[in-house]
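Student: My file is upload15.txt. It has compact mmCIF, C-alpha atoms and all ligand atoms:
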```
# COMPACT_ATOMS: atom_id res chain seq x y z
CA MET F 32 -29.10 -5.79 -5.00
CA LYS F 33 -26.31 -4.37 -2.89
CA ASN F 34 -25.17 -0.84 -3.66
CA PHE F 35 -21.67 0.20 -2.67
CA LYS F 36 -20.56 3.82 -2.78
CA ILE F 37 -16.91 4.20 -3.77
CA ALA F 38 -15.02 7.49 -3.52
CA VAL F 39 -12.69 7.51 -6.52
CA LEU F 40 -9.63 9.73 -6.05
CA ALA F 41 -7.61 9.35 -9.24
CA GLY F 42 -4.73 11.44 -7.92
CA ASP F 43 -1.70 12.88 -9.73
CA GLY F 44 0.88 11.74 -12.29
CA ILE F 45 0.06 8.23 -13.49
CA GLY F 46 -2.94 8.12 -11.12
CA PRO F 47 -5.67 8.87 -13.70
CA GLU F 48 -4.14 6.41 -16.21
CA ILE F 49 -4.03 3.44 -13.86
CA MET F 50 -7.35 4.35 -12.22
CA ALA F 51 -9.09 4.22 -15.62
CA GLU F 52 -8.04 0.56 -16.00
CA ALA F 53 -9.06 -0.29 -12.44
CA LEU F 54 -12.55 1.10 -13.01
CA LYS F 55 -12.97 -1.11 -16.12
CA VAL F 56 -12.44 -4.13 -13.89
CA LEU F 57 -15.10 -2.92 -11.45
CA LYS F 58 -17.55 -2.67 -14.35
CA VAL F 59 -17.05 -6.35 -15.21
CA ILE F 60 -17.58 -7.37 -11.58
CA GLU F 61 -20.71 -5.26 -11.39
CA GLY F 62 -22.07 -6.70 -14.61
CA ARG F 63 -22.13 -10.27 -13.33
CA ASN F 64 -22.99 -9.94 -9.65
CA ASP F 65 -26.01 -8.72 -7.77
CA VAL F 66 -24.16 -5.54 -6.89
CA SER F 67 -23.86 -1.98 -8.11
CA PHE F 68 -20.96 0.35 -7.56
CA GLU F 69 -21.73 4.04 -7.28
CA LEU F 70 -18.54 5.85 -8.25
CA MET F 71 -18.09 9.27 -6.69
CA HIS F 72 -15.12 11.00 -8.32
CA ALA F 73 -13.30 13.65 -6.30
CA ALA F 74 -10.15 15.76 -6.52
CA PHE F 75 -7.30 14.78 -4.17
CA GLY F 76 -3.63 15.65 -4.22
CA ALA F 77 -1.72 18.29 -6.18
CA ASN F 78 -4.48 18.50 -8.81
CA ALA F 79 -6.94 19.44 -6.07
CA TYR F 80 -4.54 22.05 -4.71
CA PHE F 81 -4.24 23.73 -8.11
CA GLU F 82 -8.00 23.46 -8.75
CA CYS F 83 -9.34 24.65 -5.45
CA GLY F 84 -6.48 25.67 -3.18
CA HIS F 85 -6.33 22.56 -0.99
CA PRO F 86 -5.13 19.00 -1.72
CA PHE F 87 -7.94 17.50 0.43
CA PRO F 88 -10.81 19.94 -0.14
CA GLN F 89 -14.01 19.87 1.89
CA ALA F 90 -16.03 18.56 -1.07
CA THR F 91 -13.70 15.53 -1.22
CA ILE F 92 -13.90 15.02 2.53
CA ASP F 93 -17.72 14.95 2.25
CA ILE F 94 -17.57 12.38 -0.55
CA CYS F 95 -15.12 10.18 1.37
CA ASP F 96 -17.24 10.45 4.52
CA ALA F 97 -20.26 9.22 2.58
CA ALA F 98 -18.42 6.38 0.83
CA ASP F 99 -18.39 2.70 1.79
CA ALA F 100 -14.79 2.54 0.59
CA ILE F 101 -12.20 4.84 -0.93
CA LEU F 102 -10.16 3.94 -3.99
CA LYS F 103 -7.17 6.23 -4.18
CA GLY F 104 -4.58 6.69 -6.89
CA PRO F 105 -1.06 7.92 -6.10
CA ILE F 106 -0.54 11.61 -5.40
CA GLY F 107 2.40 14.01 -5.46
CA LEU F 108 4.64 15.77 -7.93
CA SER F 109 8.25 15.60 -9.00
CA HIS F 110 10.77 17.27 -6.70
CA GLU F 111 10.93 20.27 -9.03
CA GLU F 112 7.17 20.65 -9.53
CA SER F 113 6.62 20.33 -5.78
CA GLN F 114 8.35 23.70 -5.33
CA LYS F 115 5.19 25.30 -6.75
CA ILE F 116 3.20 24.25 -3.68
CA PRO F 117 3.79 25.64 -0.17
CA VAL F 118 5.40 23.03 2.09
CA ASP F 119 2.34 22.79 4.33
CA MET F 120 0.05 22.20 1.33
CA LEU F 121 2.10 19.40 -0.23
CA PRO F 122 -0.13 16.43 -1.02
CA GLU F 123 1.25 13.90 1.46
CA ARG F 124 1.39 16.34 4.35
CA ALA F 125 -1.94 18.07 3.71
CA ALA F 126 -4.00 15.30 2.09
CA LEU F 127 -2.66 11.79 2.61
CA LEU F 128 -1.73 11.96 6.30
CA PRO F 129 -4.94 13.87 7.17
CA MET F 130 -6.97 11.18 5.38
CA ARG F 131 -5.20 8.43 7.30
CA ARG F 132 -5.78 10.34 10.53
CA ARG F 133 -9.44 11.13 9.75
CA TYR F 134 -10.37 7.51 9.11
CA ASN F 135 -7.86 6.07 11.60
CA THR F 136 -6.63 3.61 8.97
CA PHE F 137 -4.03 2.14 11.27
CA ALA F 138 -3.57 -1.21 9.51
CA ASN F 139 -1.81 -1.18 6.17
CA PHE F 140 -1.49 -4.49 4.32
CA ARG F 141 1.03 -4.65 1.50
CA PRO F 142 1.31 -7.97 -0.31
CA VAL F 143 4.69 -8.67 -1.92
CA SER F 144 3.85 -11.48 -4.25
CA LEU F 145 5.32 -13.01 -7.39
CA PRO F 146 4.29 -16.52 -8.47
CA LYS F 147 7.04 -18.76 -9.80
CA ALA F 148 5.66 -18.38 -13.35
CA LEU F 149 6.43 -14.65 -13.18
CA ALA F 150 9.82 -14.98 -11.47
CA HIS F 151 11.54 -13.65 -14.60
CA PHE F 152 10.33 -10.14 -13.63
CA SER F 153 12.38 -10.17 -10.44
CA PRO F 154 15.99 -8.96 -10.36
CA LEU F 155 16.74 -11.81 -7.94
CA LYS F 156 18.26 -15.09 -9.15
CA PRO F 157 15.86 -18.01 -9.77
CA GLU F 158 17.53 -20.05 -7.02
CA ILE F 159 16.72 -17.29 -4.51
CA ILE F 160 13.09 -17.04 -5.61
CA GLY F 161 12.54 -20.80 -5.60
CA GLU F 162 8.79 -21.50 -5.71
CA GLY F 163 7.97 -17.79 -5.78
CA ILE F 164 7.71 -14.86 -3.40
CA ASP F 165 4.56 -14.57 -1.32
CA LEU F 166 4.68 -12.45 1.79
CA ILE F 167 2.65 -9.66 3.29
CA MET F 168 3.90 -6.62 5.12
CA VAL F 169 1.67 -5.29 7.89
CA ARG F 170 2.55 -1.65 8.51
CA GLU F 171 1.27 0.57 11.31
CA LEU F 172 -0.09 3.59 9.44
CA VAL F 173 -1.21 6.34 11.79
CA GLY F 174 1.51 6.60 14.43
CA GLY F 175 5.23 7.04 14.85
CA LEU F 176 7.46 9.67 13.36
CA TYR F 177 5.07 10.67 10.57
CA PHE F 178 2.36 11.71 13.02
CA GLY F 179 4.39 12.94 16.00
CA GLU F 180 4.76 16.56 17.04
CA LYS F 181 7.09 18.66 14.95
CA GLU F 182 9.03 21.74 15.87
CA GLU F 183 11.45 23.90 13.94
CA GLY F 184 13.25 27.11 14.64
CA VAL F 185 16.59 28.62 15.57
CA ASN F 186 18.33 27.36 18.70
CA ASP F 187 20.31 29.27 21.32
CA GLU F 188 23.48 28.96 19.25
CA GLY F 189 21.72 30.56 16.28
CA LEU F 190 21.52 27.30 14.32
CA ARG F 191 18.37 26.25 12.46
CA TYR F 192 17.03 23.04 13.95
CA VAL F 193 14.14 20.65 13.55
CA ARG F 194 12.65 18.17 16.02
CA GLU F 195 10.25 15.38 15.08
CA THR F 196 8.75 13.03 17.62
CA LEU F 197 8.39 9.27 17.34
CA GLU F 198 5.51 8.39 19.63
CA TYR F 199 3.44 5.25 20.14
CA ASP F 200 1.18 4.29 22.99
CA GLU F 201 0.55 0.68 23.94
CA ASP F 202 -2.96 0.61 22.44
CA GLN F 203 -1.63 1.66 19.05
CA ILE F 204 1.01 -1.05 19.13
CA GLU F 205 -1.32 -3.70 20.43
CA ARG F 206 -4.00 -3.23 17.79
CA ILE F 207 -1.61 -3.50 14.83
CA LEU F 208 0.08 -6.53 16.38
CA HIS F 209 -3.31 -8.23 16.78
CA GLU F 210 -3.98 -7.62 13.07
CA ALA F 211 -0.62 -9.17 12.23
CA PHE F 212 -1.19 -12.21 14.45
CA LYS F 213 -4.65 -12.71 12.94
CA ILE F 214 -3.35 -12.73 9.40
CA ALA F 215 -0.45 -14.99 10.45
CA MET F 216 -3.04 -17.43 11.84
CA ARG F 217 -4.75 -17.52 8.43
CA ARG F 218 -1.43 -18.09 6.65
CA LYS F 219 1.69 -20.01 7.70
CA LYS F 220 1.58 -19.11 11.40
CA VAL F 221 4.99 -17.43 11.30
CA LEU F 222 5.26 -13.74 12.19
CA HIS F 223 8.45 -11.77 11.62
CA ASN F 224 8.60 -8.83 14.00
CA ILE F 225 10.69 -6.04 12.46
CA HIS F 226 12.19 -3.68 15.02
CA LYS F 227 15.23 -1.65 16.07
CA SER F 228 15.27 -2.27 19.79
CA ASN F 229 19.07 -2.00 19.95
CA VAL F 230 18.66 1.74 19.37
CA LEU F 231 15.03 2.87 19.66
CA LYS F 232 13.01 2.84 22.89
CA SER F 233 9.86 2.71 20.78
CA SER F 234 10.97 -0.72 19.57
CA VAL F 235 11.66 -1.83 23.15
CA LEU F 236 8.04 -1.08 24.08
CA TRP F 237 6.84 -2.65 20.81
CA ASN F 238 8.72 -5.85 21.65
CA GLN F 239 7.43 -5.93 25.23
CA ILE F 240 3.89 -5.75 23.90
CA ILE F 241 4.43 -8.48 21.33
CA ASP F 242 5.73 -10.70 24.15
CA GLU F 243 2.61 -9.89 26.19
CA ILE F 244 0.09 -10.72 23.49
CA ALA F 245 1.89 -13.62 21.79
CA PRO F 246 0.47 -16.15 24.31
CA GLN F 247 -3.00 -15.39 22.87
CA TYR F 248 -1.73 -16.89 19.61
CA PRO F 249 0.22 -19.95 20.79
CA GLU F 250 0.29 -21.48 17.31
CA VAL F 251 2.14 -18.50 15.82
CA LYS F 252 5.93 -18.57 15.87
CA VAL F 253 7.35 -15.07 16.36
CA VAL F 254 10.76 -14.33 14.84
CA HIS F 255 12.46 -11.05 15.78
CA ILE F 256 14.62 -9.31 13.19
CA LEU F 257 16.28 -5.90 13.27
CA VAL F 258 15.00 -3.72 10.47
CA ASP F 259 18.43 -3.26 8.88
CA ALA F 260 19.02 -7.02 8.80
CA ALA F 261 15.52 -7.50 7.39
CA ALA F 262 16.40 -5.22 4.48
CA THR F 263 19.30 -7.49 3.58
CA LEU F 264 17.38 -10.71 4.09
CA LEU F 265 14.57 -9.53 1.83
CA CYS F 266 17.12 -9.63 -0.99
CA LEU F 267 19.08 -12.71 0.05
CA ASN F 268 16.28 -14.96 1.27
CA PRO F 269 12.81 -13.46 0.82
CA THR F 270 11.02 -16.78 0.89
CA GLN F 271 11.70 -17.18 4.63
CA PHE F 272 9.14 -14.42 5.25
CA ASP F 273 5.39 -14.85 5.31
CA VAL F 274 3.92 -12.08 7.50
CA MET F 275 6.13 -9.16 8.56
CA VAL F 276 4.87 -6.54 11.02
CA MET F 277 6.46 -3.15 11.60
CA GLU F 278 5.95 0.45 12.61
CA ASN F 279 5.10 3.21 10.18
CA MET F 280 8.42 4.42 8.79
CA PHE F 281 10.05 0.98 8.67
CA GLY F 282 7.03 -0.16 6.65
CA ASP F 283 7.21 2.76 4.27
CA ILE F 284 10.80 1.96 3.38
CA LEU F 285 10.80 -1.86 3.51
CA SER F 286 7.66 -2.12 1.39
CA ASP F 287 9.30 -0.15 -1.42
CA GLN F 288 12.11 -2.66 -1.19
CA GLY F 289 9.39 -5.28 -1.54
CA GLY F 290 8.55 -3.71 -4.90
CA GLY F 291 12.24 -3.83 -5.77
CA ILE F 292 12.56 -7.57 -5.25
CA LEU F 293 9.46 -8.20 -7.37
CA GLY F 294 10.84 -6.12 -10.21
CA SER F 295 8.71 -2.98 -9.94
CA LEU F 296 6.68 -0.85 -7.57
CA GLY F 297 3.95 -1.29 -10.15
CA LEU F 298 3.29 -4.71 -8.60
CA MET F 299 2.50 -3.24 -5.16
CA PRO F 300 -1.16 -2.71 -4.23
CA SER F 301 -2.30 -2.06 -0.66
CA ALA F 302 -5.23 -1.91 1.74
CA CYS F 303 -5.43 0.64 4.56
CA LEU F 304 -8.01 -0.44 7.11
CA GLY F 305 -9.54 1.49 9.99
CA PRO F 306 -12.33 0.65 12.41
CA ASP F 307 -15.09 2.17 10.23
CA LYS F 308 -13.55 3.03 6.89
CA ALA F 309 -10.94 1.64 4.55
CA TYR F 310 -9.09 3.02 1.61
CA TYR F 311 -7.11 1.22 -1.07
CA GLU F 312 -4.11 2.57 -2.93
CA PRO F 313 -0.98 1.49 -4.76
CA SER F 314 2.02 1.51 -2.43
CA HIS F 315 3.96 3.65 -4.85
CA GLY F 316 3.90 7.33 -5.75
CA SER F 317 2.66 9.22 -8.79
CA ALA F 318 5.68 8.27 -10.97
CA PRO F 319 6.00 11.70 -12.61
CA ASP F 320 8.86 10.37 -14.78
CA ILE F 321 6.43 8.22 -16.79
CA ALA F 322 3.13 10.09 -16.38
CA GLY F 323 1.04 10.63 -19.51
CA LYS F 324 2.96 8.02 -21.55
CA ASN F 325 0.51 5.12 -21.22
CA ILE F 326 3.33 2.87 -19.96
CA ALA F 327 2.60 2.68 -16.21
CA ASN F 328 1.77 -0.71 -14.77
CA PRO F 329 -1.82 -0.68 -13.49
CA TYR F 330 -1.39 -3.97 -11.55
CA SER F 331 -0.97 -2.02 -8.29
CA MET F 332 -4.23 -0.10 -8.83
CA ILE F 333 -6.22 -3.11 -10.06
CA GLY F 334 -4.79 -5.16 -7.18
CA SER F 335 -6.04 -2.45 -4.82
CA VAL F 336 -9.50 -3.04 -6.32
CA ALA F 337 -9.11 -6.76 -5.57
CA MET F 338 -8.22 -5.90 -1.95
CA MET F 339 -11.28 -3.62 -1.76
CA LEU F 340 -13.55 -6.39 -3.09
CA GLU F 341 -12.20 -8.73 -0.43
CA ASN F 342 -12.00 -6.44 2.59
CA SER F 343 -14.84 -3.93 2.10
CA PHE F 344 -17.40 -5.84 0.04
CA ASP F 345 -16.79 -9.43 1.13
CA MET F 346 -16.46 -10.55 -2.52
CA LEU F 347 -13.63 -13.00 -1.94
CA ASP F 348 -14.14 -15.08 -5.09
CA GLU F 349 -14.19 -12.06 -7.36
CA ALA F 350 -11.05 -10.75 -5.64
CA GLU F 351 -9.34 -14.05 -6.46
CA ASN F 352 -10.59 -13.80 -10.04
CA VAL F 353 -9.02 -10.36 -10.42
CA TRP F 354 -5.61 -11.57 -9.18
CA ALA F 355 -5.81 -14.59 -11.47
CA ALA F 356 -6.74 -12.45 -14.48
CA MET F 357 -3.83 -10.07 -13.94
CA GLN F 358 -1.31 -12.85 -13.40
CA GLY F 359 -2.78 -14.66 -16.39
CA VAL F 360 -1.99 -11.71 -18.67
CA PHE F 361 1.64 -11.79 -17.57
CA ALA F 362 1.79 -15.57 -17.79
CA ASP F 363 0.63 -15.31 -21.42
CA GLY F 364 3.96 -13.62 -22.18
CA PHE F 365 3.00 -9.96 -21.91
CA SER F 366 4.78 -7.34 -19.87
CA THR F 367 4.46 -3.69 -19.03
CA ALA F 368 7.52 -1.50 -19.63
CA ASP F 369 8.61 -1.39 -15.99
CA LEU F 370 9.07 -5.15 -15.72
CA SER F 371 11.08 -6.12 -18.79
CA LYS F 372 13.64 -4.81 -21.18
CA PRO F 373 12.94 -4.82 -24.93
CA GLY F 374 14.31 -8.03 -26.47
CA SER F 375 13.74 -10.11 -23.35
CA GLY F 376 11.27 -12.41 -25.09
CA VAL F 377 8.05 -10.87 -23.80
CA THR F 378 5.54 -8.72 -25.67
CA MET F 379 5.40 -5.18 -24.30
CA ILE F 380 1.95 -3.79 -23.69
CA SER F 381 0.69 -0.38 -22.63
CA THR F 382 -1.22 0.57 -19.50
CA GLN F 383 -4.44 0.50 -21.44
CA GLU F 384 -3.76 -2.80 -23.17
CA PHE F 385 -2.95 -4.45 -19.86
CA GLY F 386 -6.30 -3.25 -18.52
CA GLU F 387 -8.14 -4.46 -21.60
CA ARG F 388 -6.50 -7.88 -21.43
CA VAL F 389 -7.37 -8.20 -17.74
CA VAL F 390 -10.97 -7.33 -18.54
CA ALA F 391 -11.04 -9.94 -21.34
CA LYS F 392 -9.60 -12.61 -19.02
CA LEU F 393 -12.08 -11.73 -16.31
CA ALA F 394 -14.98 -11.84 -18.72
CA ALA F 395 -13.86 -15.28 -19.91
CA GLN F 396 -13.86 -16.69 -16.35
CA THR F 397 -16.79 -18.49 -14.87
CA PRO F 398 -17.67 -16.21 -11.96
P1 LIG L 1 7.34 6.71 -7.19
O1 LIG L 1 6.86 5.57 -6.37
O2 LIG L 1 6.31 7.59 -7.79
O3 LIG L 1 8.29 6.19 -8.36
C1 LIG L 1 9.50 5.47 -8.12
C2 LIG L 1 9.87 4.72 -9.42
O4 LIG L 1 8.94 3.65 -9.61
C3 LIG L 1 9.79 5.60 -10.65
O5 LIG L 1 10.83 5.25 -11.54
C4 LIG L 1 8.46 5.24 -11.27
O6 LIG L 1 8.38 5.41 -12.67
C5 LIG L 1 8.31 3.78 -10.87
N1 LIG L 1 6.90 3.38 -10.73
C6 LIG L 1 6.08 3.65 -9.67
N2 LIG L 1 4.87 3.16 -9.89
C7 LIG L 1 4.89 2.56 -11.11
C8 LIG L 1 3.93 1.88 -11.91
N3 LIG L 1 2.67 1.68 -11.48
N4 LIG L 1 4.32 1.41 -13.12
C9 LIG L 1 5.57 1.57 -13.54
N5 LIG L 1 6.53 2.21 -12.85
C10 LIG L 1 6.19 2.70 -11.65
O7 LIG L 1 8.30 7.54 -6.23
P2 LIG L 1 8.87 9.02 -6.38
O8 LIG L 1 9.25 9.29 -7.79
O9 LIG L 1 9.90 9.11 -5.34
O10 LIG L 1 7.67 9.96 -5.96
C11 LIG L 1 6.84 10.67 -6.86
C12 LIG L 1 5.77 11.41 -6.08
O11 LIG L 1 4.88 10.48 -5.45
C13 LIG L 1 6.33 12.27 -4.96
O12 LIG L 1 5.62 13.49 -4.93
C14 LIG L 1 6.06 11.46 -3.72
O13 LIG L 1 5.94 12.29 -2.60
C15 LIG L 1 4.73 10.81 -4.07
N6 LIG L 1 4.37 9.59 -3.31
C16 LIG L 1 3.05 9.40 -3.07
C17 LIG L 1 2.63 8.23 -2.45
C18 LIG L 1 1.16 8.00 -2.22
O14 LIG L 1 0.33 8.61 -2.89
N7 LIG L 1 0.76 7.11 -1.32
C19 LIG L 1 3.57 7.26 -2.09
C20 LIG L 1 4.91 7.46 -2.39
C21 LIG L 1 5.31 8.63 -3.01
```
Starting from the file, lay out its structure as structure tokens.
Tutor:
Amino acid sequence: MKNFKIAVLAGDGIGPEIMAEALKVLKVIEGRNDVSFELMHAAFGANAYFECGHPFPQATIDICDAADAILKGPIGLSHEESQKIPVDMLPERAALLPMRRRYNTFANFRPVSLPKALAHFSPLKPEIIGEGIDLIMVRELVGGLYFGEKEEGVNDEGLRYVRETLEYDEDQIERILHEAFKIAMRRKKVLHNIHKSNVLKSSVLWNQIIDEIAPQYPEVKVVHILVDAAATLLCLNPTQFDVMVMENMFGDILSDQGGGILGSLGLMPSACLGPDKAYYEPSHGSAPDIAGKNIANPYSMIGSVAMMLENSFDMLDEAENVWAAMQGVFADGFSTADLSKPGSGVTMISTQEFGERVVAKLAAQTP
């Protein structure tokens, strides 16, 4: 029997609620395969700061180091609550980015997917969605503006200033582009390169490197689009995209727009892969506005489990089963509160009921 150690970081806000449903799914998978999952729970985020003075405490680092994979819920607080934490101890700055840096999880995969049967959840018109939305955003996750040097102070004219550096070297760009080409090869062999080379030198280098490595993937058609135009086209014609590759900040912003065209960020799971370690998390934040109400959509967290099964444990069939179970619950006419308005013909279900229905669907499948 294989034993996989999973660091479970439930996180803040809706994190514990959606994580509870994700762990139920893991139990089903464990029960019917020759595999055991050892869950190692650890504090991470604002809760960890309040408990032990740091959002990524040493005890959590040790657990993550020992894990085969990390399953992470969203972290962070509302704007107002964040004032209770010193700026340098805020969860993203002092926990999330350090985790990405520690495990060098440079490749972030964010599927933006809505089968035709669920198109009613999208704010886009049916004629725009056509046969459904199915694209994946590949985001560079450990470089660029978020990781560059920062400086702040008062300048010679007595004005407060801040300077943040957007830096990439060619190795960083090359490795994420290779990941994007490889996934394009497994899909439709079309790669949309999202850049801003009309303004940013970093995009000029990025584009030079894509030109250099593209001949290694002669079957893949590369299409270049400026990031601002891509934002518009995601709304007007999302089905033209299959694989989109982009640097860190573009990916942060465009992938939230991906959630927007599906109907909710609650439909956005992700995988963050490094050379030796991977972690899996919803693309969204801790949704403080709905925390504790049992109305969050756990699809993003359960989908992150599916991505972990596929990428870390090589359980491709079970990953497919999890996606099918979740989509099956929606296709049966149920909806979480984020995706539909009351009176729209669907039956509203809670976070917990969604999880229970997914578990029931999974259990009814032939594994
Ligand atoms: P958010 O992503 O938490 O929420 C934006 C909107 O989407 C809210 O209306 C929220 O209710 C909704 N939403 C998000 N996930 C949902 C789900 N699963 N089901 C239903 N609705 C959902 O963004 P925010 O409010 O700007 O940020 C809240 C906190 O999260 C901040 O502290 C922010 O820094 C942090 N954050 C963390 C991560 C991360 O952990 N990787 C990512 C983004 C933001």
Student: Go ahead and find all residues with at least one atom no further than 12 Å from (2.4, 7.4, -17.6) in the file's coordinates, using all atoms listed in the file; report them as a PyMOL selection string.
Tutor: chain F and resi 43-50+297+316-329+367-369+381-383
Student: Counting only C-alpha atoms and all ligand atoms, which residue out of F:Leu267, F:Ala138, F:Val251, F:Leu298 sits closest to ligand LIG 1 (chain L)?
Tutor: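 When distances to ligand LIG 1 (chain L) are compared using only C-alpha atoms and all ligand atoms, the smallest one comes from F:Leu298.
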Student: Provide the atom CA of F:Leu236 to atom CA of F:Pro269 distance in Å, to one decimal place.
Tutor: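 Going from atom CA of F:Leu236 over to atom CA of F:Pro269, I get 26.8 Å.
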Student: Can you work out which one of F:Phe272, F:Phe344, F:Phe365, F:Tyr199 has the shortest atom-to-atom distance to F:Lys308, counting all atoms listed in the file?
Tutor: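 Looking at the shortest contact to F:Lys308, the residue is F:Phe344.
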Student: Give the answer as one residue: which of F:Asn135, F:Asn229, F:Gln203, F:Ser301 has the shortest atom-to-atom distance to ligand LIG 1 (chain L), using only C-alpha atoms and all ligand atoms?
Tutor: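 Nearest to ligand LIG 1 (chain L): F:Ser301.
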Student: Under the rule that all atoms listed in the file are counted, which of F:Ala261, F:Val66, F:Leu340, F:Val173 is the nearest residue to F:Leu127?
Tutor: F:Val173
Student: One number please: atom C11 of ligand LIG 1 (chain L) to atom CA of F:Ala100, in Å, one decimal.
Tutor: 24.3 Å
Student: So, counting all atoms listed in the file, which residue among F:Glu180, F:Asp259, F:Glu341, F:Glu123 is closest to F:Gln288?
Tutor: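 Distance minimum relative to F:Gln288 lands on F:Asp259.
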Student: Hey, which of F:Ala53, F:Ile240, F:Val360, F:Ala260 ends up closest to ligand LIG 1 (chain L)? Count all atoms listed in the file.
Tutor: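 Closest residue, counting all atoms listed in the file: F:Ala53.
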Student: Give as an NGL selection string every residue, naming chains and numbers as the document does, that has an atom within 7 Å of (8.9, -15.2, -22.9), counting all atoms listed in the file.
Tutor: :F and (364 or 376-377)
Student: When you look at F:Pro142 with a cut-off of 8 Å (counting all atoms listed in the file), what residues show up, excluding the ones that are within fewer than 3 positions of it in the same chain? I need them as a short mmCIF file (atom, residue, chain, number, x, y, z; two decimals) with C-alpha atoms, in the coordinates of the input.
Tutor:
```
data_model
loop_
_atom_site.label_atom_id
_atom_site.label_comp_id
_atom_site.auth_asym_id
_atom_site.auth_seq_id
_atom_site.Cartn_x
_atom_site.Cartn_y
_atom_site.Cartn_z
CA ASP F 165 4.56 -14.57 -1.32
CA LEU F 166 4.68 -12.45 1.79
CA ILE F 167 2.65 -9.66 3.29
CA MET F 168 3.90 -6.62 5.12
CA MET F 299 2.50 -3.24 -5.16
CA PRO F 300 -1.16 -2.71 -4.23
CA SER F 301 -2.30 -2.06 -0.66
#
```
Student: Tell me which protein, DNA and RNA residues are within 12 Å of F:Asp287, counting all atoms listed in the file, leaving out same-chain ones fewer than 2 positions away, and put them as a ChimeraX atom specification.
Tutor: /F:141-143,168,262,265,280-285,289-301,313-316
Student: Just how far from atom CA of F:His110 is atom CA of F:Val336, in Å to one decimal?
Tutor: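 Taking atom CA of F:Val336 as the start and atom CA of F:His110 as the end point, the length is 28.7 Å.
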Student: For stretch 132-134 of chain F, find every residue with an atom within 9 Å (counting only C-alpha atoms), except residues of its own chain fewer than 6 positions away, and show them as a list of chain:residue names.
Tutor: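 What passes the distance filter is F:Asp96, F:Leu172, F:Val173, F:Phe178, F:Leu304, F:Gly305, F:Pro306, F:Asp307, F:Lys308, F:Ala309, F:Tyr310.
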Student: With all atoms of stretch 114-130 of chain F from the file as input, state the centre and edge lengths in Å to one decimal of the axis-aligned box that has 3 Å extra on each side, as JSON.
Tutor:
```
{"center_x": 0.7, "center_y": 18.4, "center_z": 0.2, "size_x": 21.3, "size_y": 20.5, "size_z": 19.9}
```
Student: Which residues are near F:Ile101? Cut-off 7 Å, only C-alpha atoms, ignore same chain within fewer than 5 positions. Put them as number ranges by chain.
Tutor: F: 37-39, 95, 309-311
Student: Env of stretch 241-245 of chain F: 12 Å cut, atoms = all atoms listed in the file, seq-sep filter 6 positions within chain, self excluded. Answer as number ranges by chain.
Tutor: F: 201-202, 204-213, 215-216, 220-226, 234-235, 251-255, 276-277
